[in-house]
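As stored in input_22.cif (mmCIF, C-alpha atoms):
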```cif
data_work
loop_
_atom_site.label_atom_id
_atom_site.label_comp_id
_atom_site.auth_asym_id
_atom_site.auth_seq_id
_atom_site.Cartn_x
_atom_site.Cartn_y
_atom_site.Cartn_z
CA MET A 8 131.80 50.50 115.59
CA VAL A 9 133.51 47.54 114.00
CA VAL A 10 132.35 44.12 115.11
CA THR A 11 134.01 40.82 114.32
CA LEU A 12 131.70 37.95 113.47
CA ARG A 13 133.06 34.45 113.92
CA ILE A 14 131.00 32.07 111.85
CA PRO A 15 131.29 28.34 112.51
CA PRO A 16 129.23 25.82 110.53
CA ARG A 17 126.11 25.01 112.52
CA PRO A 18 122.52 23.86 111.86
CA PHE A 19 120.15 26.76 111.76
CA MET A 20 116.47 27.53 112.03
CA SER A 21 114.75 27.91 108.68
CA THR A 22 113.12 31.13 109.80
CA ILE A 23 116.41 32.96 110.28
CA ARG A 24 117.45 35.29 107.50
CA SER A 25 120.19 34.11 105.21
CA ALA A 26 123.80 34.87 105.98
CA GLY A 27 123.80 37.27 103.07
CA GLU A 28 121.27 39.47 104.84
CA VAL A 29 123.39 39.46 107.97
CA ILE A 30 126.89 40.31 106.78
CA GLY A 31 126.29 42.19 103.57
CA THR A 32 125.30 41.58 99.99
CA ILE A 33 126.29 38.03 99.04
CA MET A 34 126.62 37.08 95.41
CA THR A 35 127.84 33.86 93.84
CA ASP A 36 131.44 34.19 94.89
CA THR A 37 131.82 37.59 96.56
CA ILE A 38 130.78 39.33 99.74
CA GLN A 39 130.78 43.10 99.64
CA SER A 40 130.49 45.36 102.68
CA SER A 41 128.74 48.53 101.55
CA SER A 42 129.97 50.49 104.56
CA THR A 43 133.66 49.66 104.27
CA LYS A 44 133.78 49.16 100.49
CA THR A 45 135.82 46.00 101.03
CA VAL A 46 135.29 42.97 98.80
CA THR A 47 136.31 39.47 99.82
CA SER A 48 136.21 36.76 97.15
CA PHE A 49 135.44 33.13 97.94
CA ARG A 50 136.62 30.29 95.75
CA GLY A 51 134.47 27.21 95.91
CA PRO A 52 132.19 26.20 98.79
CA VAL A 53 132.57 28.10 102.06
CA ASN A 54 131.96 26.40 105.39
CA PHE A 55 133.77 28.79 107.71
CA VAL A 56 134.13 32.54 107.41
CA HIS A 57 135.88 34.87 109.83
CA THR A 58 135.11 38.34 108.57
CA ARG A 59 134.86 41.89 109.78
CA CYS A 60 131.99 44.22 108.95
CA ARG A 61 130.62 47.52 110.13
CA ILE A 62 127.18 47.46 111.69
CA THR A 63 125.08 50.54 111.00
CA VAL A 64 121.70 51.57 112.35
CA PRO A 65 118.88 51.96 109.83
CA GLY A 66 118.01 55.61 109.37
CA THR A 67 121.26 57.01 110.74
CA SER A 68 124.21 58.33 108.80
CA SER A 69 126.87 58.57 111.48
CA MET A 70 126.82 57.01 114.91
CA THR A 71 129.61 59.25 116.13
CA LYS A 72 127.80 62.34 114.91
CA GLU A 73 124.32 61.44 116.10
CA LYS A 74 125.02 59.66 119.38
CA LEU A 75 125.96 61.28 122.67
CA SER A 76 129.52 60.54 123.63
CA SER A 77 130.26 58.31 126.59
CA ASN A 78 132.34 61.04 128.19
CA PHE A 79 129.46 63.50 127.97
CA LEU A 80 127.05 60.96 129.47
CA ARG A 81 129.44 60.29 132.32
CA GLU A 82 129.85 64.01 132.97
CA LYS A 83 126.10 64.45 133.11
CA LYS A 84 125.85 61.34 135.31
CA LEU A 85 123.36 59.67 132.97
CA ILE A 86 125.20 56.35 133.11
CA PRO A 87 126.36 54.70 136.34
CA ASP A 88 130.03 54.20 137.08
CA SER A 89 131.31 50.72 136.36
CA ASP A 90 134.57 48.93 135.70
CA PRO A 91 134.98 47.60 132.15
CA PRO A 92 134.16 43.92 131.64
CA SER A 93 136.97 41.49 132.34
CA VAL A 94 138.01 38.65 130.08
CA LYS A 95 136.32 36.33 132.58
CA ASP A 96 133.07 38.31 132.37
CA ILE A 97 133.04 38.05 128.59
CA GLU A 98 133.85 34.34 128.67
CA ARG A 99 131.10 33.60 131.18
CA LEU A 100 128.50 35.45 129.13
CA TYR A 101 129.73 33.77 125.95
CA GLN A 102 129.32 30.35 127.58
CA PHE A 103 125.81 31.32 128.68
CA PHE A 104 124.87 32.13 125.08
CA ASP A 105 126.70 29.14 123.65
CA GLN A 106 124.94 26.64 125.91
CA SER A 107 121.42 27.93 125.20
CA THR A 108 119.18 26.95 122.31
CA LYS A 109 116.02 28.82 123.32
CA LEU A 110 117.18 32.08 124.89
CA VAL A 111 114.83 34.81 126.10
CA VAL A 112 116.26 38.28 126.72
CA LEU A 113 114.67 40.94 128.93
CA THR A 114 116.00 44.49 128.64
CA GLY A 115 115.51 47.46 130.94
CA ALA A 116 116.40 51.13 131.29
CA GLY A 117 120.10 50.38 131.71
CA ILE A 118 120.39 49.57 128.03
CA SER A 119 119.09 53.03 127.06
CA THR A 120 120.96 55.23 129.52
CA GLU A 121 123.95 54.76 127.22
CA SER A 122 121.87 56.48 124.53
CA GLY A 123 121.25 59.48 126.76
CA ILE A 124 117.83 58.50 128.13
CA PRO A 125 117.75 58.73 131.95
CA ASP A 126 116.51 55.93 134.18
CA TYR A 127 114.67 55.95 137.49
CA ARG A 128 116.63 53.75 139.89
CA SER A 129 120.37 54.13 139.26
CA PRO A 130 122.36 56.23 141.78
CA ASN A 131 121.84 59.33 139.63
CA GLY A 132 118.45 58.35 138.24
CA ALA A 133 115.24 60.37 138.41
CA TYR A 134 114.31 59.01 141.84
CA SER A 135 117.58 60.31 143.33
CA SER A 136 116.36 63.90 142.86
CA GLY A 137 112.98 63.22 144.44
CA PHE A 138 111.11 62.94 141.14
CA LYS A 139 107.83 61.02 141.23
CA PRO A 140 106.42 59.81 137.90
CA ILE A 141 102.75 60.23 137.19
CA THR A 142 100.57 57.31 138.22
CA HIS A 143 97.75 55.77 136.22
CA GLN A 144 95.20 56.80 138.85
CA GLU A 145 96.44 60.41 138.88
CA PHE A 146 96.25 60.62 135.10
CA LEU A 147 92.67 59.33 135.09
CA ARG A 148 91.23 61.53 137.81
CA SER A 149 92.97 64.88 137.27
CA THR A 150 92.66 67.17 134.27
CA ARG A 151 95.49 69.22 135.71
CA ALA A 152 97.72 66.16 135.92
CA ARG A 153 96.97 65.31 132.28
CA ARG A 154 97.72 68.86 131.20
CA ARG A 155 101.01 68.78 133.09
CA TYR A 156 101.97 65.39 131.63
CA TRP A 157 101.18 66.23 128.00
CA ALA A 158 102.79 69.70 128.12
CA ARG A 159 106.00 68.30 129.55
CA SER A 160 105.92 65.35 127.20
CA TYR A 161 105.45 67.60 124.17
CA ALA A 162 108.40 69.71 125.31
CA GLY A 163 110.63 66.66 125.69
CA TRP A 164 109.64 64.85 122.51
CA ARG A 165 112.22 66.39 120.21
CA ARG A 166 115.13 65.47 122.46
CA PHE A 167 113.69 62.05 123.31
CA THR A 168 113.31 61.05 119.66
CA ALA A 169 116.80 62.35 118.83
CA ALA A 170 118.35 59.57 120.94
CA GLN A 171 120.08 56.92 118.85
CA PRO A 172 120.42 53.17 119.48
CA GLY A 173 123.53 52.39 121.45
CA ALA A 174 126.13 49.66 121.14
CA ALA A 175 124.01 47.30 123.23
CA HIS A 176 120.91 47.76 121.04
CA ILE A 177 122.96 47.10 117.90
CA ALA A 178 124.76 44.06 119.31
CA LEU A 179 121.49 42.52 120.49
CA ALA A 180 119.92 43.09 117.08
CA SER A 181 122.89 41.27 115.53
CA LEU A 182 122.35 38.31 117.84
CA GLU A 183 118.68 38.24 116.90
CA GLU A 184 119.55 38.44 113.22
CA VAL A 185 121.41 35.16 113.34
CA GLY A 186 118.99 33.38 115.66
CA ARG A 187 121.05 33.40 118.86
CA THR A 188 118.06 34.78 120.75
CA ASN A 189 114.63 33.20 120.62
CA PHE A 190 112.55 36.04 122.05
CA VAL A 191 113.22 39.59 123.28
CA ILE A 192 111.13 41.47 125.83
CA THR A 193 111.77 45.09 126.76
CA GLN A 194 110.55 47.22 129.62
CA ASN A 195 111.55 50.33 127.68
CA VAL A 196 109.10 52.56 125.84
CA ASP A 197 111.63 54.36 123.63
CA ARG A 198 111.62 52.15 120.49
CA LEU A 199 115.44 52.19 120.32
CA HIS A 200 115.42 48.41 119.89
CA HIS A 201 113.23 48.77 116.81
CA ARG A 202 115.49 51.43 115.34
CA ALA A 203 118.44 49.07 115.77
CA GLY A 204 116.60 46.32 113.89
CA SER A 205 115.01 44.30 116.71
CA ASN A 206 111.35 43.49 117.18
CA PRO A 207 110.81 43.02 120.93
CA LEU A 208 107.64 42.54 122.90
CA GLU A 209 107.10 45.93 124.54
CA LEU A 210 106.03 44.89 128.02
CA HIS A 211 105.19 48.41 129.16
CA GLY A 212 104.02 49.74 125.81
CA THR A 213 105.50 52.65 123.87
CA VAL A 214 105.27 56.44 123.87
CA TYR A 215 105.19 56.33 120.08
CA THR A 216 101.48 55.46 120.15
CA VAL A 217 98.56 57.36 121.71
CA VAL A 218 95.37 55.55 122.71
CA CYS A 219 91.86 56.68 123.67
CA LEU A 220 90.78 55.53 127.13
CA ASP A 221 87.12 55.54 126.11
CA CYS A 222 86.88 53.84 122.71
CA GLY A 223 90.35 52.27 122.35
CA PHE A 224 91.24 54.07 119.12
CA SER A 225 95.01 54.41 118.72
CA PHE A 226 97.11 56.64 116.52
CA SER A 227 100.65 57.85 115.98
CA ARG A 228 102.38 60.04 118.54
CA HIS A 229 103.77 62.17 115.70
CA SER A 230 100.18 62.93 114.68
CA PHE A 231 99.34 63.83 118.27
CA GLN A 232 102.32 66.22 118.43
CA GLU A 233 100.95 68.05 115.38
CA GLN A 234 97.52 68.28 117.01
CA VAL A 235 99.04 69.77 120.16
CA LYS A 236 100.91 72.29 118.04
CA ALA A 237 97.74 73.26 116.16
CA LEU A 238 95.77 73.78 119.38
CA ASN A 239 98.59 75.68 121.11
CA PRO A 240 100.54 77.49 118.36
CA LYS A 241 102.06 80.29 120.44
CA TRP A 242 102.84 77.96 123.35
CA ALA A 243 104.43 75.39 121.03
CA ALA A 244 106.51 78.07 119.31
CA ALA A 245 107.76 79.32 122.68
CA ILE A 246 108.70 75.80 123.81
CA GLU A 247 110.45 74.96 120.54
CA SER A 248 112.46 78.17 120.64
CA LEU A 249 114.12 77.19 123.91
CA ASP A 250 117.59 75.70 123.78
CA TYR A 251 117.27 72.27 125.36
CA ASP A 252 119.67 70.34 123.21
CA SER A 253 121.05 67.30 125.05
CA ARG A 254 124.55 68.79 125.11
CA SER A 255 123.52 72.32 126.03
CA ASP A 256 124.00 73.90 129.43
CA LYS A 257 121.56 76.67 128.43
CA SER A 258 118.48 74.57 128.96
CA PHE A 259 116.71 76.79 131.49
CA GLY A 260 116.91 74.04 134.10
CA MET A 261 114.72 71.65 132.14
CA LYS A 262 115.59 68.07 133.00
CA GLN A 263 114.66 65.18 130.78
CA ARG A 264 112.86 62.29 132.44
CA PRO A 265 112.97 58.55 131.60
CA ASP A 266 109.64 58.49 129.75
CA GLY A 267 110.52 61.39 127.47
CA ASP A 268 108.95 64.31 129.31
CA ILE A 269 110.89 67.36 130.47
CA GLU A 270 110.53 69.10 133.80
CA ILE A 271 109.25 72.61 133.06
CA ASP A 272 107.72 75.29 135.26
CA GLU A 273 103.97 75.08 135.69
CA ARG A 274 103.45 78.55 134.24
CA PHE A 275 104.15 76.94 130.86
CA TRP A 276 101.12 74.68 131.04
CA GLU A 277 98.78 75.44 133.97
CA GLU A 278 96.19 77.62 132.24
CA ASP A 279 96.58 78.05 128.50
CA PHE A 280 97.60 74.58 127.40
CA HIS A 281 94.92 72.57 125.56
CA ILE A 282 94.99 68.78 125.16
CA PRO A 283 93.70 67.16 121.97
CA THR A 284 90.90 64.64 122.43
CA CYS A 285 90.12 61.42 120.57
CA GLN A 286 89.36 61.98 116.89
CA LYS A 287 86.69 59.25 116.99
CA CYS A 288 84.76 59.86 120.23
CA ASN A 289 86.21 63.03 121.78
CA GLY A 290 87.46 60.95 124.71
CA VAL A 291 90.54 61.27 126.90
CA VAL A 292 93.79 60.08 125.35
CA LYS A 293 97.02 58.86 126.96
CA PRO A 294 100.31 57.45 125.71
CA ASP A 295 100.06 53.72 125.14
CA VAL A 296 102.32 52.95 128.09
CA VAL A 297 101.77 51.21 131.40
CA PHE A 298 101.97 53.96 133.99
CA PHE A 299 102.92 53.20 137.58
CA GLY A 300 99.87 51.78 139.33
CA ASP A 301 98.48 50.22 136.15
CA ASN A 302 98.69 46.60 134.97
CA VAL A 303 100.33 45.16 131.90
CA PRO A 304 97.55 44.11 129.47
CA LYS A 305 96.72 40.45 130.03
CA ASP A 306 97.50 39.22 126.52
CA ARG A 307 100.91 40.89 126.62
CA ALA A 308 101.67 39.61 130.12
CA ASP A 309 100.61 36.09 129.12
CA LYS A 310 102.82 36.14 126.03
CA ALA A 311 105.84 37.24 128.08
CA MET A 312 105.17 34.61 130.75
CA GLU A 313 104.77 31.87 128.15
CA ALA A 314 108.17 32.79 126.70
CA ALA A 315 109.77 32.83 130.15
CA LYS A 316 108.40 29.43 131.13
CA GLY A 317 109.25 27.85 127.79
CA CYS A 318 112.86 28.98 127.43
CA ASP A 319 116.02 27.11 128.39
CA ALA A 320 117.90 30.33 129.27
CA PHE A 321 116.75 33.76 130.44
CA LEU A 322 119.06 36.78 130.27
CA VAL A 323 118.37 40.15 131.92
CA LEU A 324 120.15 43.15 130.39
CA GLY A 325 120.18 46.50 132.16
CA SER A 326 117.29 46.05 134.60
CA SER A 327 117.09 46.12 138.38
CA LEU A 328 113.88 44.05 138.12
CA MET A 329 112.19 46.19 140.76
CA THR A 330 108.87 46.17 138.93
CA MET A 331 106.90 42.98 139.53
CA SER A 332 106.00 42.70 135.84
CA ALA A 333 109.68 42.11 135.06
CA PHE A 334 110.75 40.27 138.20
CA ARG A 335 108.04 37.63 137.85
CA LEU A 336 109.39 36.66 134.42
CA VAL A 337 112.93 35.82 135.53
CA ARG A 338 111.54 34.10 138.62
CA ALA A 339 109.23 31.97 136.47
CA ALA A 340 112.09 31.03 134.14
CA HIS A 341 114.26 30.06 137.10
CA GLU A 342 111.50 27.96 138.66
CA ALA A 343 110.92 26.23 135.31
CA GLY A 344 114.56 25.11 135.27
CA ALA A 345 116.02 27.61 132.80
CA ALA A 346 119.55 28.94 133.19
CA THR A 347 119.41 32.57 134.30
CA ALA A 348 121.88 35.45 134.12
CA ILE A 349 121.89 39.21 134.74
CA VAL A 350 124.08 41.94 133.26
CA ASN A 351 123.41 45.12 135.22
CA VAL A 352 125.26 47.78 137.18
CA GLY A 353 124.04 47.60 140.77
CA VAL A 354 121.74 45.46 142.86
CA THR A 355 118.74 43.71 141.33
CA ARG A 356 115.69 42.09 142.87
CA ALA A 357 116.74 38.65 141.61
CA ASP A 358 120.33 38.59 142.86
CA ASP A 359 119.47 36.03 145.55
CA PHE A 360 118.61 33.24 143.11
CA VAL A 361 120.21 34.10 139.75
CA PRO A 362 123.60 32.30 139.65
CA LEU A 363 125.34 34.45 137.03
CA LYS A 364 125.51 38.20 137.76
CA ILE A 365 127.87 40.43 135.77
CA ASN A 366 128.16 43.96 137.15
CA VAL A 367 129.06 45.93 134.01
CA ARG A 368 127.36 48.21 131.51
CA VAL A 369 125.54 46.28 128.80
CA GLY A 370 126.95 48.44 126.02
CA GLU A 371 130.50 47.57 127.04
CA ILE A 372 130.16 43.78 127.17
CA LEU A 373 127.64 42.81 124.48
CA PRO A 374 129.67 44.12 121.51
CA ARG A 375 132.78 42.38 122.87
CA LEU A 376 130.80 39.17 123.04
CA LEU A 377 130.48 39.28 119.27
CA ASP A 378 134.25 39.55 118.94
CA VAL A 379 134.82 36.21 120.64
CA GLY A 380 132.60 34.33 118.24
CA SER A 381 129.11 34.20 119.65
CA LEU A 382 127.36 34.70 116.34
CA SER A 383 126.56 31.53 114.44
CA ILE A 384 125.59 31.70 110.77
CA PRO A 385 124.76 28.62 108.70
CA ALA A 386 127.33 27.28 106.27
CA LEU A 387 127.17 29.01 102.89
#
```
Please re-express this file's structure in structure tokens.
Amino acid sequence: MVVTLRIPPRPFMSTIRSAGEVIGTIMTDTIQSSSTKTVTSFRGPVNFVHTRCRITVPGTSSMTKEKLSSNFLREKKLIPDSDPPSVKDIERLYQFFDQSTKLVVLTGAGISTESGIPDYRSPNGAYSSGFKPITHQEFLRSTRARRRYWARSYAGWRRFTAAQPGAAHIALASLEEVGRTNFVITQNVDRLHHRAGSNPLELHGTVYTVVCLDCGFSFSRHSFQEQVKALNPKWAAAIESLDYDSRSDKSFGMKQRPDGDIEIDERFWEEDFHIPTCQKCNGVVKPDVVFFGDNVPKDRADKAMEAAKGCDAFLVLGSSLMTMSAFRLVRAAHEAGAATAIVNVGVTRADDFVPLKINVRVGEILPRLLDVGSLSIPAL
């Protein structure tokens, strides 16, 4: 993906990384793009640069090779149908960014469906097939429910972690890099924002961490996967031998779910599957995510609310805002006098009071926003 960065002279926060870190390696009088091998020389002081660079995701070698194609995602109905953004849509979103100085962004599942991770509430989401996610209360009271959750989650982990950041993740990281966003909050638990270079507040936690419900000890999900494999070697080998590649039609009917688990028959986990316990106290462990029926930890909720009430603009990207933990943030920002906007395909809970609603896929409009000059980098 090639993104044009228009760079007008503008005062900038001292905490933002230098322009050299944003657009490539900057030396005394040259800028070199390592991805395109193009060198542009500058003679004398530079106050305005209009350049073109290729944005890559850390840890990936080829976006086209690693990422699911849009056509494939449409065929599998993982992303909702939507018209492409109009010139007016792009201009309105650009103006929203341009007029803000303290912008908070909230992202939801709609930003990750374009990376091949399903959502719950879109027309073809998990709820449309009658799927019901595990609740916090069910996880706590039922050993069988925990066995089912962890077996399915183990089975889905390889595919879940193979997902790559999409165009929306990368574009948002670029906006953060140059200080055009003040704070990012995500409802997603997939860490795709981090892999694109962002550092959001994870409102609902992350599946990349496992936590003990008894003593609070937390550890890496990768470590937990190895423990599961050690306790269930034959079971793990059988699961890993199955063909459930994202593009495969020979997946034995296993459907990936939004939180990374895969729907598999109960005979795979009902009797012989063993769950690791806490290494410190032998207690019950769960992914460090907020299950349905649970509450966002108070310190995290307070931090998100403080950001919402203190911003001058609040932008929702790819969320229907049906969970109260997310809806209350945009409502609080609106009531505090901030400008509010939503980019999402379909109805949201805040449509009645948010004045700017753009009904397009986030990954199709955010990169185009960069092309019309939304990135501001200080004069060199």
Self-check item: Computed interatomic separation between atom CA of Arg153 of chain A and atom CA of Arg165 of chain A (Å)
Solution: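 If I compute the distance from atom CA of Arg153 of chain A to atom CA of Arg165 of chain A, I get 19.5 Å.
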Self-check item: Target residues per the PyMOL selection byres ((chain A and resi 229) around 12), formatted as a ChimeraX atom specification
Solution: /A:161,164-165,168,214-217,226-228,230-236,294
C-alpha atoms of the current selection, written as a PDB file, keeping the file's coordinate frame:
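So the final result, stored in again.pdb, reads:
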```
ATOM      1  CA  TYR A 161     105.450  67.600 124.170  1.00  0.00           C
ATOM      2  CA  TRP A 164     109.640  64.850 122.510  1.00  0.00           C
ATOM      3  CA  ARG A 165     112.220  66.390 120.210  1.00  0.00           C
ATOM      4  CA  THR A 168     113.310  61.050 119.660  1.00  0.00           C
ATOM      5  CA  VAL A 214     105.270  56.440 123.870  1.00  0.00           C
ATOM      6  CA  TYR A 215     105.190  56.330 120.080  1.00  0.00           C
ATOM      7  CA  THR A 216     101.480  55.460 120.150  1.00  0.00           C
ATOM      8  CA  VAL A 217      98.560  57.360 121.710  1.00  0.00           C
ATOM      9  CA  PHE A 226      97.110  56.640 116.520  1.00  0.00           C
ATOM     10  CA  SER A 227     100.650  57.850 115.980  1.00  0.00           C
ATOM     11  CA  ARG A 228     102.380  60.040 118.540  1.00  0.00           C
ATOM     12  CA  SER A 230     100.180  62.930 114.680  1.00  0.00           C
ATOM     13  CA  PHE A 231      99.340  63.830 118.270  1.00  0.00           C
ATOM     14  CA  GLN A 232     102.320  66.220 118.430  1.00  0.00           C
ATOM     15  CA  GLU A 233     100.950  68.050 115.380  1.00  0.00           C
ATOM     16  CA  GLN A 234      97.520  68.280 117.010  1.00  0.00           C
ATOM     17  CA  VAL A 235      99.040  69.770 120.160  1.00  0.00           C
ATOM     18  CA  LYS A 236     100.910  72.290 118.040  1.00  0.00           C
ATOM     19  CA  PRO A 294     100.310  57.450 125.710  1.00  0.00           C
TER      20      PRO A 294
END
```
Practice problem: Write out as a PyMOL selection string the residues lying within 8 Å of Tyr101 of chain A, counting all atoms listed in the file and excluding same-chain residues fewer than 2 positions away. | Solution: chain A and resi 97-99+103-105+376+379+381
Self-check item: Picked residues, the PyMOL selection byres ((chain A and resi 243) around 10), expected as a list in words
Solution: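 Selected by the PyMOL selection byres ((chain A and resi 243) around 10) here: Ala158, Tyr161, Ala162, Gln232, Glu233, Val235, Lys236, Ala237, Leu238, Asn239, Pro240, Lys241, Trp242, Ala244, Ala245, Ile246, Glu247, Ser248, Phe275 and Phe280 of chain A.
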Practice problem: Using atom CA of Lys95 of chain A and atom CA of Asn351 of chain A as the two end points, give the distance in Å to one decimal. | Solution: 15.8 Å
Self-check item: Between atom CA of His341 of chain A and atom CA of Asp301 of chain A, distance in Å (one decimal)
Solution: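 Computing the Euclidean distance for atom CA of His341 of chain A and atom CA of Asp301 of chain A yields 25.6 Å.
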Quiz prompt | Chain and number of each residue from the PyMOL selection byres ((chain A and resi 364-366) around 6), as a ChimeraX atom specification | solution = /A:348-352,363,367
Written file, previous selection with C-alpha atoms, as a PDB file, in the frame of the given file:
```
ATOM      1  CA  ALA A 348     121.880  35.450 134.120  1.00  0.00           C
ATOM      2  CA  ILE A 349     121.890  39.210 134.740  1.00  0.00           C
ATOM      3  CA  VAL A 350     124.080  41.940 133.260  1.00  0.00           C
ATOM      4  CA  ASN A 351     123.410  45.120 135.220  1.00  0.00           C
ATOM      5  CA  VAL A 352     125.260  47.780 137.180  1.00  0.00           C
ATOM      6  CA  LEU A 363     125.340  34.450 137.030  1.00  0.00           C
ATOM      7  CA  VAL A 367     129.060  45.930 134.010  1.00  0.00           C
TER       8      VAL A 367
END
```
Quiz item: Using all atoms listed in the file, which residues sit within 12 Å of Thr193 of chain A once same-chain residues fewer than 6 positions away are excluded, as number ranges by chain?
Solution: A: 111-119, 176, 179, 199-201, 205-213, 307-308, 311, 322-326, 328, 332-333, 336
Exercise. Identify which of the residues A:Ala320, A:Ala203, A:Ala152, A:Val361 lies closest to Ala174 of chain A, counting all atoms listed in the file when measuring atom-to-atom distances.
Key: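 Ranking A:Ala320, A:Ala203, A:Ala152, A:Val361 by distance to Ala174 of chain A, first place goes to A:Ala203.
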Quiz prompt | Spatial neighbours of Val291 of chain A, 6 Å, only C-alpha atoms, chain gap at least 6 places, as number ranges by chain | solution = A: 219-220, 284
Save out the residues we just selected, C-alpha atoms, as a PDB file, in the coordinates of the input.
```pdb
ATOM      1  CA  CYS A 219      91.860  56.680 123.670  1.00  0.00           C
ATOM      2  CA  LEU A 220      90.780  55.530 127.130  1.00  0.00           C
ATOM      3  CA  THR A 284      90.900  64.640 122.430  1.00  0.00           C
TER       4      THR A 284
END
```
Self-check item: Non-local contacts of segment 343-345 of chain A (7 Å; only C-alpha atoms; under 3 positions in same chain excluded) as a PyMOL selection string
Solution: chain A and resi 316+318-321+339-340
Quiz item: Which one of A:Gly204, A:Gly290, A:Pro362, A:Pro172 sits closest to Ser122 of chain A if you count only C-alpha atoms?
Solution: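 Ranking A:Gly204, A:Gly290, A:Pro362, A:Pro172 by distance to Ser122 of chain A, first place goes to A:Pro172.
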